[in-house]
>>> print(open('final.txt').read())   # compact mmCIF, C-alpha atoms
# COMPACT_ATOMS: atom_id res chain seq x y z
CA MET A 1 -40.01 12.13 8.79
CA LYS A 2 -38.21 13.46 11.86
CA LYS A 3 -37.98 9.95 13.28
CA ALA A 4 -36.12 8.93 10.16
CA ILE A 5 -33.29 11.41 10.77
CA PRO A 6 -31.46 9.32 13.39
CA ILE A 7 -31.74 6.26 11.20
CA LEU A 8 -30.38 8.15 8.20
CA LEU A 9 -27.47 9.48 10.24
CA LEU A 10 -26.64 6.06 11.59
CA ALA A 11 -26.80 4.62 8.09
CA MET A 12 -24.40 7.30 6.88
CA ALA A 13 -22.02 6.36 9.67
CA PHE A 14 -22.14 2.68 8.96
CA VAL A 15 -21.24 3.14 5.34
CA ALA A 16 -18.23 5.13 6.51
CA CYS A 17 -15.31 3.76 4.64
CA GLN A 18 -12.12 4.71 3.00
CA LYS A 19 -12.41 6.50 -0.31
CA ASP A 20 -10.45 4.17 -2.56
CA PRO A 21 -7.86 5.90 -4.70
CA ASP A 22 -8.52 5.94 -8.42
CA LEU A 23 -6.26 3.18 -9.78
CA ASN A 24 -7.02 4.35 -13.31
CA GLU A 25 -4.74 7.27 -12.53
CA LEU A 26 -1.82 4.87 -12.34
CA SER A 27 -0.10 5.38 -15.65
CA SER A 28 2.26 2.45 -15.45
CA ASP A 29 1.06 -1.15 -15.42
CA LEU A 30 4.58 -2.32 -14.74
CA ILE A 31 6.30 -2.86 -11.43
CA VAL A 32 9.89 -4.07 -11.27
CA TYR A 33 11.52 -5.42 -8.12
CA THR A 34 15.20 -6.32 -7.85
CA SER A 35 17.27 -7.71 -5.02
CA HIS A 36 20.84 -8.89 -4.81
CA ASP A 37 23.42 -10.54 -2.58
CA LYS A 38 25.20 -7.73 -0.79
CA GLY A 39 28.35 -9.83 -0.52
CA ALA A 40 28.55 -10.75 -4.18
CA ASN A 41 31.38 -9.32 -6.23
CA PHE A 42 29.70 -8.87 -9.59
CA GLY A 43 32.89 -7.50 -11.07
CA LYS A 44 34.77 -10.79 -10.80
CA TYR A 45 32.40 -12.61 -13.16
CA LEU A 46 33.33 -12.40 -16.81
CA THR A 47 31.13 -14.89 -18.63
CA TYR A 48 27.51 -15.95 -18.51
CA ALA A 49 25.21 -18.58 -19.95
CA ILE A 50 21.52 -18.27 -20.55
CA PRO A 51 19.10 -21.01 -21.63
CA ASP A 52 17.47 -20.52 -25.01
CA SER A 53 14.01 -21.14 -23.59
CA ILE A 54 11.85 -19.77 -20.76
CA LEU A 55 10.45 -21.99 -18.04
CA VAL A 56 6.68 -21.65 -17.61
CA LEU A 57 5.58 -22.03 -14.00
CA ASP A 58 2.11 -23.51 -14.01
CA ASP A 59 0.15 -26.41 -12.56
CA LYS A 60 1.18 -28.90 -15.23
CA SER A 61 2.62 -32.20 -14.06
CA LYS A 62 5.61 -31.72 -16.34
CA PRO A 63 7.62 -28.57 -17.00
CA THR A 64 6.75 -26.55 -20.07
CA TYR A 65 8.78 -23.88 -21.80
CA PHE A 66 8.48 -21.04 -24.24
CA ALA A 67 10.55 -22.57 -27.03
CA ALA A 68 13.69 -20.98 -28.44
CA ASN A 69 11.93 -19.90 -31.65
CA ASP A 70 8.94 -18.39 -29.81
CA PRO A 71 8.88 -14.62 -30.47
CA ARG A 72 8.36 -14.04 -26.72
CA THR A 73 11.55 -15.96 -25.97
CA THR A 74 13.64 -14.22 -28.58
CA ALA A 75 12.49 -10.78 -27.39
CA ILE A 76 13.03 -11.50 -23.69
CA ILE A 77 16.35 -13.36 -24.03
CA GLY A 78 17.49 -10.79 -26.57
CA ALA A 79 16.87 -7.92 -24.15
CA ILE A 80 18.74 -9.72 -21.35
CA ASN A 81 21.67 -10.50 -23.65
CA SER A 82 21.82 -6.90 -24.78
CA GLU A 83 21.98 -5.64 -21.19
CA MET A 84 24.50 -8.24 -20.06
CA LYS A 85 26.84 -7.42 -22.92
CA THR A 86 26.50 -3.70 -22.21
CA ARG A 87 27.66 -4.47 -18.66
CA GLY A 88 30.76 -6.21 -19.96
CA TYR A 89 29.76 -9.85 -19.61
CA THR A 90 30.52 -12.31 -22.40
CA GLU A 91 28.03 -14.98 -23.38
CA VAL A 92 29.27 -18.56 -23.64
CA ASN A 93 27.39 -21.52 -25.00
CA ASP A 94 28.81 -24.14 -22.66
CA ASN A 95 27.48 -23.91 -19.11
CA ALA A 96 30.77 -25.35 -17.82
CA ASP A 97 32.57 -22.23 -19.07
CA ALA A 98 30.16 -19.75 -17.51
CA ASP A 99 30.84 -17.85 -14.31
CA VAL A 100 27.16 -17.04 -13.86
CA GLY A 101 23.91 -18.38 -15.26
CA LEU A 102 20.67 -16.59 -15.93
CA GLN A 103 17.45 -18.52 -15.52
CA VAL A 104 14.25 -16.94 -16.80
CA SER A 105 10.78 -18.05 -15.68
CA TYR A 106 7.30 -16.93 -16.57
CA VAL A 107 4.61 -17.29 -13.89
CA LYS A 108 1.47 -18.59 -15.53
CA ASP A 109 -0.24 -19.91 -12.43
CA THR A 110 -0.33 -18.53 -8.90
CA ASN A 111 0.19 -21.96 -7.36
CA THR A 112 3.85 -21.12 -7.61
CA ILE A 113 5.02 -19.29 -4.54
CA ILE A 114 8.52 -18.34 -3.65
CA SER A 115 9.05 -18.15 0.06
CA TYR A 116 12.58 -18.25 1.30
CA ALA A 117 14.10 -17.02 4.50
CA SER A 118 17.08 -18.21 6.45
CA ALA A 119 14.74 -19.80 8.97
CA ASN A 120 12.82 -21.60 6.28
CA PRO A 121 14.90 -23.70 3.96
CA TYR A 122 11.84 -25.04 2.12
CA TRP A 123 12.02 -22.22 -0.29
CA TRP A 124 9.97 -23.35 -3.25
CA TYR A 125 6.39 -24.45 -2.83
CA GLY A 126 3.96 -25.72 -5.37
CA TYR A 127 6.31 -26.47 -8.23
CA ASP A 128 8.79 -29.28 -8.44
CA TYR A 129 10.44 -28.45 -11.72
CA TYR A 130 12.08 -25.13 -10.97
CA TRP A 131 15.53 -24.91 -12.56
CA PRO A 132 17.36 -27.97 -11.14
CA GLY A 133 21.08 -27.85 -10.45
CA SER A 134 21.51 -30.61 -13.00
CA TYR A 135 20.41 -28.25 -15.74
CA TRP A 136 23.62 -26.30 -15.25
CA ASN A 137 25.88 -29.23 -14.58
CA PRO A 138 24.98 -32.91 -15.04
CA TYR A 139 26.95 -33.75 -11.88
CA TRP A 140 24.86 -31.38 -9.78
CA MET A 141 21.95 -33.77 -9.42
CA GLY A 142 19.95 -32.77 -6.34
CA TRP A 143 21.74 -29.46 -5.91
CA GLY A 144 19.60 -26.44 -5.21
CA PRO A 145 19.79 -22.69 -5.03
CA SER A 146 20.66 -20.68 -1.93
CA TYR A 147 19.68 -17.07 -1.32
CA ALA A 148 21.58 -14.49 0.67
CA TYR A 149 18.41 -12.42 0.93
CA PRO A 150 14.88 -13.31 1.92
CA ILE A 151 12.26 -13.70 -0.74
CA SER A 152 8.66 -13.95 0.26
CA TYR A 153 6.44 -13.17 -2.67
CA THR A 154 3.35 -14.81 -3.93
CA TYR A 155 4.06 -14.27 -7.55
CA THR A 156 1.07 -13.16 -9.53
CA ILE A 157 -0.19 -14.51 -12.81
CA GLY A 158 1.65 -12.91 -15.69
CA SER A 159 4.96 -12.05 -14.11
CA LEU A 160 8.56 -12.72 -15.08
CA ILE A 161 11.43 -13.80 -12.86
CA ILE A 162 15.09 -13.54 -13.82
CA GLU A 163 17.66 -15.02 -11.48
CA MET A 164 21.42 -14.79 -11.76
CA ILE A 165 23.18 -17.76 -10.17
CA ALA A 166 26.89 -17.88 -9.40
CA LEU A 167 27.95 -21.12 -11.08
CA GLU A 168 31.54 -20.34 -10.24
CA ASP A 169 30.71 -20.26 -6.53
CA ALA A 170 28.61 -23.42 -6.35
CA ASN A 171 29.44 -25.22 -3.12
CA PRO A 172 30.02 -29.00 -3.41
CA SER A 173 29.85 -29.56 0.36
CA THR A 174 26.43 -27.96 0.76
CA LYS A 175 25.31 -28.72 -2.81
CA LYS A 176 24.04 -25.16 -3.08
CA ILE A 177 24.32 -22.70 -5.95
CA PRO A 178 24.17 -19.07 -4.76
CA VAL A 179 21.48 -16.88 -6.31
CA ILE A 180 23.08 -13.45 -6.39
CA TRP A 181 20.50 -11.34 -8.24
CA THR A 182 16.74 -11.54 -8.66
CA ALA A 183 14.60 -9.42 -10.93
CA TYR A 184 10.85 -9.73 -10.75
CA MET A 185 8.40 -7.85 -12.90
CA ALA A 186 4.61 -7.91 -12.79
CA GLY A 187 1.91 -6.26 -14.83
CA ILE A 188 3.25 -7.53 -18.14
CA LEU A 189 -0.06 -8.93 -19.40
CA SER A 190 -2.39 -7.27 -21.87
CA SER A 191 -5.64 -9.11 -22.60
CA ASN A 192 -4.15 -12.22 -20.97
CA GLN A 193 -1.18 -12.19 -23.36
CA ILE A 194 2.40 -11.17 -22.61
CA ASN A 195 2.91 -7.60 -23.73
CA ILE A 196 6.38 -7.89 -25.23
CA ASN A 197 7.12 -4.17 -25.30
CA ARG A 198 6.23 -3.78 -21.64
CA THR A 199 8.21 -6.89 -20.68
CA VAL A 200 11.30 -5.66 -22.51
CA SER A 201 10.89 -2.26 -20.84
CA GLY A 202 10.76 -4.09 -17.51
CA ILE A 203 13.99 -5.93 -18.28
CA TYR A 204 15.75 -2.67 -19.16
CA GLN A 205 14.40 -1.13 -15.95
CA ALA A 206 15.62 -4.09 -13.87
CA PHE A 207 19.16 -3.59 -15.13
CA GLU A 208 18.95 0.18 -14.81
CA GLN A 209 18.10 -0.05 -11.12
CA SER A 210 20.92 -2.58 -10.61
CA PRO A 211 24.04 -0.53 -11.37
CA TYR A 212 26.21 -3.00 -9.43
CA LEU A 213 25.82 -5.49 -12.32
CA GLN A 214 29.10 -4.66 -13.98
CA SER A 215 31.86 -7.00 -15.06
CA SER A 216 35.45 -5.95 -14.46
CA ALA A 217 36.17 -7.12 -18.01
CA GLN A 218 34.79 -3.85 -19.32
CA MET B 219 -12.52 -2.46 10.40
CA LYS B 220 -15.38 -4.40 12.01
CA LYS B 221 -14.33 -3.25 15.46
CA ILE B 222 -14.13 0.32 14.26
CA LYS B 223 -17.60 0.13 12.75
CA HIS B 224 -19.02 -1.33 15.97
CA LEU B 225 -17.34 1.36 18.01
CA LEU B 226 -18.48 4.01 15.60
CA GLY B 227 -22.03 2.65 15.81
CA SER B 228 -22.00 2.72 19.60
CA LEU B 229 -20.76 6.29 19.65
CA LEU B 230 -23.41 7.30 17.18
CA LEU B 231 -26.15 5.60 19.18
CA LEU B 232 -25.09 7.46 22.30
CA SER B 233 -24.82 10.70 20.40
CA ALA B 234 -28.13 10.23 18.68
CA MET B 235 -29.86 10.20 22.06
CA SER B 236 -29.64 13.94 21.88
CA LEU B 237 -31.48 14.14 18.58
CA PRO B 238 -34.77 16.02 18.39
CA THR B 239 -37.83 13.85 18.32
CA ALA B 240 -40.23 16.74 18.39
CA THR B 241 -40.05 20.37 17.48
CA ASN B 242 -37.88 22.46 19.76
CA ALA B 243 -36.94 19.57 22.02
CA GLN B 244 -34.20 17.01 22.49
CA LEU B 245 -34.55 13.46 23.69
CA ILE B 246 -32.27 14.59 26.47
CA ASN B 247 -32.97 18.19 27.33
CA GLY B 248 -29.75 20.18 26.89
CA GLY B 249 -28.28 17.72 24.42
CA TYR B 250 -26.97 18.48 20.98
CA PHE B 251 -25.86 16.59 17.88
CA THR B 252 -23.97 17.64 14.77
CA ALA B 253 -23.47 15.74 11.51
CA ASP B 254 -21.00 17.33 9.09
CA TRP B 255 -19.32 16.97 5.77
CA GLN B 256 -15.63 17.51 6.34
CA PHE B 257 -12.88 19.05 4.21
CA ASN B 258 -9.29 18.79 5.32
CA ALA B 259 -5.74 19.46 4.25
CA PRO B 260 -2.83 17.51 5.73
CA VAL B 261 0.10 19.62 6.88
CA SER B 262 3.71 18.76 7.68
CA ASN B 263 3.72 15.59 5.63
CA ASP B 264 3.99 14.97 1.92
CA TYR B 265 2.79 11.37 1.83
CA ALA B 266 -0.82 12.06 0.87
CA ASN B 267 -1.08 15.80 1.27
CA VAL B 268 -3.77 16.58 -1.27
CA ALA B 269 -6.72 18.33 0.40
CA SER B 270 -9.99 16.48 0.04
CA GLY B 271 -13.63 16.46 1.06
CA TRP B 272 -13.84 12.71 1.50
CA GLY B 273 -14.90 12.69 5.11
CA MET B 274 -17.64 13.20 7.66
CA ALA B 275 -17.78 14.11 11.33
CA PHE B 276 -20.32 13.41 14.04
CA GLU B 277 -20.55 14.79 17.54
CA GLY B 278 -23.15 14.53 20.27
CA GLY B 279 -23.15 15.84 23.79
CA TYR B 280 -24.91 17.34 26.75
CA TYR B 281 -24.59 20.79 28.32
CA VAL B 282 -23.66 20.01 31.91
CA ILE B 283 -23.82 23.73 32.69
CA PRO B 284 -25.53 26.27 30.43
CA ASN B 285 -22.34 27.06 28.51
CA MET B 286 -20.25 23.92 28.74
CA SER B 287 -20.92 20.53 27.23
CA LEU B 288 -19.42 17.06 27.38
CA GLY B 289 -19.89 14.57 24.59
CA LEU B 290 -18.49 12.12 22.11
CA TYR B 291 -17.12 12.54 18.62
CA VAL B 292 -16.12 10.41 15.69
CA SER B 293 -15.02 11.30 12.18
CA TYR B 294 -13.45 9.68 9.19
CA HIS B 295 -11.46 11.08 6.32
CA THR B 296 -9.39 10.00 3.33
CA ASN B 297 -6.61 11.89 1.57
CA ASN B 298 -5.02 10.49 -1.58
CA LYS B 299 -2.08 11.50 -3.74
CA TYR B 300 -0.66 10.16 -6.99
CA ILE B 301 3.09 9.49 -7.08
CA GLY B 302 4.70 9.05 -10.49
CA GLU B 303 7.08 6.28 -11.53
CA GLN B 304 10.24 6.13 -9.47
CA VAL B 305 12.70 3.65 -8.05
CA LEU B 306 12.25 3.08 -4.33
CA HIS B 307 15.28 1.73 -2.49
CA LEU B 308 13.53 -0.56 -0.02
CA SER B 309 16.78 -1.64 1.61
CA ASP B 310 20.47 -1.71 0.77
CA THR B 311 19.81 -4.69 -1.52
CA GLU B 312 16.25 -4.17 -2.79
CA SER B 313 14.81 -1.72 -5.30
CA LEU B 314 11.26 -1.32 -6.56
CA TYR B 315 10.15 0.59 -9.66
CA THR B 316 6.51 1.58 -9.71
CA ASP B 317 4.05 4.44 -9.63
CA GLN B 318 1.67 4.66 -6.70
CA GLN B 319 -1.50 6.03 -5.25
CA HIS B 320 -0.85 7.06 -1.69
CA SER B 321 -3.73 7.09 0.75
CA ILE B 322 -4.24 8.06 4.37
CA TYR B 323 -7.51 6.99 6.00
CA GLN B 324 -8.09 8.24 9.52
CA VAL B 325 -10.82 7.59 12.08
CA PRO B 326 -10.35 9.69 15.22
CA PHE B 327 -12.92 9.34 18.02
CA GLY B 328 -13.25 10.09 21.71
CA VAL B 329 -14.64 12.69 24.09
CA ALA B 330 -15.49 16.27 23.19
CA THR B 331 -16.15 19.40 25.20
CA ARG B 332 -17.48 22.77 24.11
CA TRP B 333 -17.83 26.22 25.56
CA ARG B 334 -20.57 28.24 23.90
CA PHE B 335 -20.32 31.99 24.30
CA THR B 336 -24.06 32.59 24.21
CA THR B 337 -27.16 30.54 24.61
CA ASP B 338 -28.82 32.73 22.05
CA LYS B 339 -31.65 31.05 20.21
CA MET B 340 -30.21 31.89 16.80
CA PHE B 341 -26.39 32.24 16.90
CA GLU B 342 -24.31 29.96 19.02
CA PRO B 343 -20.56 30.50 18.58
CA TYR B 344 -18.34 28.14 20.54
CA ILE B 345 -14.83 26.83 21.06
CA GLY B 346 -14.14 23.23 21.79
CA VAL B 347 -11.55 20.54 22.10
CA LYS B 348 -11.69 16.84 21.36
CA LEU B 349 -9.46 14.17 22.88
CA GLY B 350 -9.36 10.54 21.97
CA ALA B 351 -7.86 7.75 19.93
CA SER B 352 -7.00 7.72 16.28
CA TYR B 353 -6.90 4.84 13.84
CA ILE B 354 -4.89 5.55 10.69
CA ARG B 355 -4.34 3.33 7.68
CA MET B 356 -1.30 4.36 5.62
CA GLU B 357 -1.57 2.76 2.20
CA SER B 358 0.27 2.63 -1.11
CA ASP B 359 -1.51 1.11 -4.11
CA THR B 360 0.28 -0.05 -7.24
CA GLN B 361 -1.24 -1.78 -10.22
CA VAL B 362 -0.28 -5.11 -8.72
CA TYR B 363 0.13 -4.81 -4.96
CA THR B 364 -1.27 -2.84 -2.07
CA TYR B 365 1.09 -2.07 0.78
CA TYR B 366 -0.42 -0.75 4.02
CA GLN B 367 0.03 -0.41 7.73
CA ASP B 368 -2.68 0.13 10.37
CA ARG B 369 -1.66 2.03 13.48
CA TRP B 370 -3.29 3.55 16.55
CA GLY B 371 -2.45 6.76 18.34
CA PHE B 372 -3.87 9.60 20.41
CA ASN B 373 -5.80 12.44 18.84
CA VAL B 374 -6.44 16.04 19.87
CA GLN B 375 -8.58 18.53 17.97
CA PRO B 376 -9.11 22.16 18.96
CA GLU B 377 -12.11 23.59 17.16
CA ILE B 378 -13.93 26.88 16.74
CA GLY B 379 -17.46 26.84 15.40
CA LEU B 380 -20.87 28.31 15.03
CA ASN B 381 -24.36 26.88 15.25
CA LEU B 382 -26.98 28.83 13.38
CA PHE B 383 -30.65 28.19 14.09
CA PRO B 384 -32.58 30.31 11.55
CA MET B 385 -36.00 29.10 12.62
CA PRO B 386 -36.78 29.93 16.24
CA THR B 387 -39.43 27.24 16.46
CA THR B 388 -37.09 24.38 15.67
CA ARG B 389 -33.69 23.23 16.91
CA VAL B 390 -32.55 22.09 13.48
CA GLY B 391 -29.81 24.43 12.31
CA LEU B 392 -26.59 24.81 10.38
CA HIS B 393 -23.18 24.02 11.78
CA LEU B 394 -19.81 25.40 10.65
CA ALA B 395 -16.50 24.70 12.34
CA LEU B 396 -12.79 25.18 11.70
CA TYR B 397 -10.52 22.63 13.27
CA TYR B 398 -6.97 21.44 13.65
CA SER B 399 -6.26 17.77 14.26
CA TYR B 400 -3.10 16.13 15.53
CA SER B 401 -2.64 12.39 15.93
CA THR B 402 0.42 10.72 17.42
CA ASN B 403 0.37 7.77 15.00
CA HIS B 404 3.64 6.44 13.60
CA SER B 405 3.47 4.48 10.35
CA HIS B 406 5.88 3.07 7.81
CA VAL B 407 5.07 1.87 4.30
CA LEU B 408 7.72 1.05 1.68
CA THR B 409 10.25 3.86 2.11
CA TYR B 410 7.80 6.35 3.65
CA ASN B 411 7.33 7.28 7.28
CA ILE B 412 4.70 9.23 9.15
CA ASP B 413 5.71 10.50 12.56
CA GLY B 414 2.60 12.23 13.85
CA TYR B 415 -0.23 13.33 11.59
CA ASN B 416 -1.50 16.93 11.36
CA ASN B 417 -4.36 18.35 9.38
CA ILE B 418 -6.53 21.42 9.29
CA GLY B 419 -9.98 21.76 7.83
CA PHE B 420 -13.55 22.79 8.17
CA ARG B 421 -16.84 21.06 8.82
CA LEU B 422 -20.18 22.02 7.40
CA GLY B 423 -23.42 20.32 8.30
CA LEU B 424 -26.50 20.17 10.42
CA SER B 425 -26.87 20.87 14.09
CA PHE B 426 -29.67 19.67 16.33
>>> encode(input="final.txt", output="structure tokens")
Amino acid sequence: MKKAIPILLLAMAFVACQKDPDLNELSSDLIVYTSHDKGANFGKYLTYAIPDSILVLDDKSKPTYFAANDPRTTAIIGAINSEMKTRGYTEVNDNADADVGLQVSYVKDTNTIISYASANPYWWYGYDYYWPGSYWNPYWMGWGPSYAYPISYTYTIGSLIIEMIALEDANPSTKKIPVIWTAYMAGILSSNQININRTVSGIYQAFEQSPYLQSSAQ
Amino acid sequence: MKKIKHLLGSLLLLSAMSLPTATNAQLINGGYFTADWQFNAPVSNDYANVASGWGMAFEGGYYVIPNMSLGLYVSYHTNNKYIGEQVLHLSDTESLYTDQQHSIYQVPFGVATRWRFTTDKMFEPYIGVKLGASYIRMESDTQVYTYYQDRWGFNVQPEIGLNLFPMPTTRVGLHLALYYSYSTNHSHVLTYNIDGYNNIGFRLGLSF
């Protein structure tokens, strides 16, 4: 028995490890991240356009969308519209009349990775159908977004991305459309389905923590 | 972590050489070994300052003169703390809304020395000091992501303790110690910084 004591003590030492915190104590499933272009003047923009469908980022060979009449779309777009109007922006139906555009994407598959830094212009890996410039203007074929801030997230399954792009400031010489605000929320799934209430709460939270989103029209 | 476990194993093997293999005797005459459960409370930081008993401490050594020993020590400990929902301003352009579980995991190890006031067979009060290195993982867990930083620093631990050997025929006894630990580690996670890490606590276990 006495000979076993050293072995027991060594065994105790080798199982030494960090006591993992109890994640069940975390009361909120939602995390909301926002970032913006420090140089953007959000007050100068008066109008916005938003597609009536949500792009689904997955491993399909062709882009898929939550359709305009999908209850998930109406709830998500409705919440964004409500917040934008509260901040003094006016919705327009014609993209050509909009100062900014809002593109909403749902991450269904983790093959989609955003990785953008000034040193790495190849900013979008794994998905070829992310909002093309030609969606916003038919003459912007081959145009792409540009970020004033680095983004390096592997977006997780079941997350939502909202990007505000400055259509008014699109640059014909570089063929770049500035992305001036990004909102990313994760933890919006319940039983592998989008939890609409939680997603809408995330949208409200994204705007709440972005007080600079305010049109001078108001 | 693998390196730490190997190091920890080596220290324990060295320390265990002082373990008793027969009644009233050590493998190395004049050696000692303690294995303790550890309770500690972080001080001077509010990152993960909830006191906890999630730790153990091991020390082994040899009395180079009747009252003074030299040896090795290693311990590990975790302190966690729940942080409710809040908006963290990560930079002048980035904000993050989440709740978190904060965690500090520390593994200090190095050399230890003790001065025992008596060589009494039954009561053996002592003071000691430990000096060495300290590995600390500073971690924040959310439902979706884990943010952490691993850093190294120096560690010093003054300690006062007592060995109690209730049975004169055996060198297996009880060990109780109060200690203070300071590590020089600097860590940064999200919007939180640690600039030196202090904690106080006690150890309770077996002494050989």
>>> closest_residue(input="final.txt", among="B:Trp255, B:Phe341, B:Tyr323, B:Tyr265", to="Leu408 (chain B)", atoms="all atoms listed in the file")
B:Tyr265
>>> closest_atom_pairs(input="final.txt", of="chain A", to="chain B", cutoff="6 Å", atoms="all atoms listed in the file", output="Markdown table")
| residue | atom | partner | partner_atom | distance |
| --- | --- | --- | --- | --- |
| A:Gln18 | CA | B:Tyr323 | CA | 6.0 |
| A:Lys19 | CA | B:Thr296 | CA | 5.9 |
| A:Asp29 | CA | B:Gln361 | CA | 5.7 |
| A:Ile31 | CA | B:Thr316 | CA | 4.8 |
| A:Val32 | CA | B:Tyr315 | CA | 4.9 |
| A:Tyr33 | CA | B:Leu314 | CA | 4.4 |
| A:Thr34 | CA | B:Ser313 | CA | 5.3 |
| A:Ser35 | CA | B:Glu312 | CA | 4.3 |
| A:His36 | CA | B:Thr311 | CA | 5.4 |
>>> closest_residue(input="final.txt", among="A:Ile50, A:Val104, A:Ile157, A:Ala75", to="Gln193 (chain A)", atoms="all atoms listed in the file")
A:Ile157
>>> atom_distance(input="final.txt", atom1="CA of Thr337 (chain B)", atom2="CA of Val374 (chain B)")
25.7 Å
>>> atom_distance(input="final.txt", atom1="CA of Leu288 (chain B)", atom2="CA of Ala330 (chain B)")
5.8 Å
>>> build_atoms(input="final.txt", residues="region 267-284 of chain B", atoms="N, CA and C atoms", output="mmCIF file, in the coordinates of the input")
data_model
loop_
_atom_site.group_PDB
_atom_site.id
_atom_site.type_symbol
_atom_site.label_atom_id
_atom_site.label_comp_id
_atom_site.auth_asym_id
_atom_site.auth_seq_id
_atom_site.Cartn_x
_atom_site.Cartn_y
_atom_site.Cartn_z
ATOM 1 N N ASN B 267 -0.762 14.470 0.762
ATOM 2 C CA ASN B 267 -1.080 15.800 1.270
ATOM 3 C C ASN B 267 -2.025 16.587 0.378
ATOM 4 N N VAL B 268 -2.801 15.881 -0.427
ATOM 5 C CA VAL B 268 -3.770 16.580 -1.270
ATOM 6 C C VAL B 268 -5.053 16.772 -0.457
ATOM 7 N N ALA B 269 -5.497 18.035 -0.356
ATOM 8 C CA ALA B 269 -6.720 18.330 0.400
ATOM 9 C C ALA B 269 -7.905 17.631 -0.244
ATOM 10 N N SER B 270 -8.838 17.192 0.589
ATOM 11 C CA SER B 270 -9.990 16.480 0.040
ATOM 12 C C SER B 270 -11.232 16.678 0.907
ATOM 13 N N GLY B 271 -12.359 16.394 0.327
ATOM 14 C CA GLY B 271 -13.630 16.460 1.060
ATOM 15 C C GLY B 271 -14.211 15.089 1.292
ATOM 16 N N TRP B 272 -13.364 14.082 1.316
ATOM 17 C CA TRP B 272 -13.840 12.710 1.500
ATOM 18 C C TRP B 272 -13.903 12.348 2.984
ATOM 19 N N GLY B 273 -14.793 13.008 3.700
ATOM 20 C CA GLY B 273 -14.900 12.690 5.110
ATOM 21 C C GLY B 273 -16.175 13.223 5.726
ATOM 22 N N MET B 274 -16.500 12.707 6.896
ATOM 23 C CA MET B 274 -17.640 13.200 7.660
ATOM 24 C C MET B 274 -17.275 13.213 9.142
ATOM 25 N N ALA B 275 -18.031 14.013 9.894
ATOM 26 C CA ALA B 275 -17.780 14.110 11.330
ATOM 27 C C ALA B 275 -19.106 14.122 12.070
ATOM 28 N N PHE B 276 -19.120 13.469 13.216
ATOM 29 C CA PHE B 276 -20.320 13.410 14.040
ATOM 30 C C PHE B 276 -19.950 13.724 15.489
ATOM 31 N N GLU B 277 -20.804 14.483 16.138
ATOM 32 C CA GLU B 277 -20.550 14.790 17.540
ATOM 33 C C GLU B 277 -21.892 14.919 18.264
ATOM 34 N N GLY B 278 -21.954 14.377 19.446
ATOM 35 C CA GLY B 278 -23.150 14.530 20.270
ATOM 36 C C GLY B 278 -22.738 14.767 21.692
ATOM 37 N N GLY B 279 -23.534 15.566 22.421
ATOM 38 C CA GLY B 279 -23.150 15.840 23.790
ATOM 39 C C GLY B 279 -24.280 16.413 24.604
ATOM 40 N N TYR B 280 -23.918 16.841 25.797
ATOM 41 C CA TYR B 280 -24.910 17.340 26.750
ATOM 42 C C TYR B 280 -24.302 18.524 27.492
ATOM 43 N N TYR B 281 -25.083 19.597 27.617
ATOM 44 C CA TYR B 281 -24.590 20.790 28.320
ATOM 45 C C TYR B 281 -24.752 20.571 29.818
ATOM 46 N N VAL B 282 -23.632 20.289 30.468
ATOM 47 C CA VAL B 282 -23.660 20.010 31.910
ATOM 48 C C VAL B 282 -23.882 21.280 32.720
ATOM 49 N N ILE B 283 -23.428 22.412 32.177
ATOM 50 C CA ILE B 283 -23.820 23.730 32.690
ATOM 51 C C ILE B 283 -24.264 24.517 31.469
ATOM 52 N N PRO B 284 -24.918 25.618 31.604
ATOM 53 C CA PRO B 284 -25.530 26.270 30.430
ATOM 54 C C PRO B 284 -24.551 26.502 29.270
#
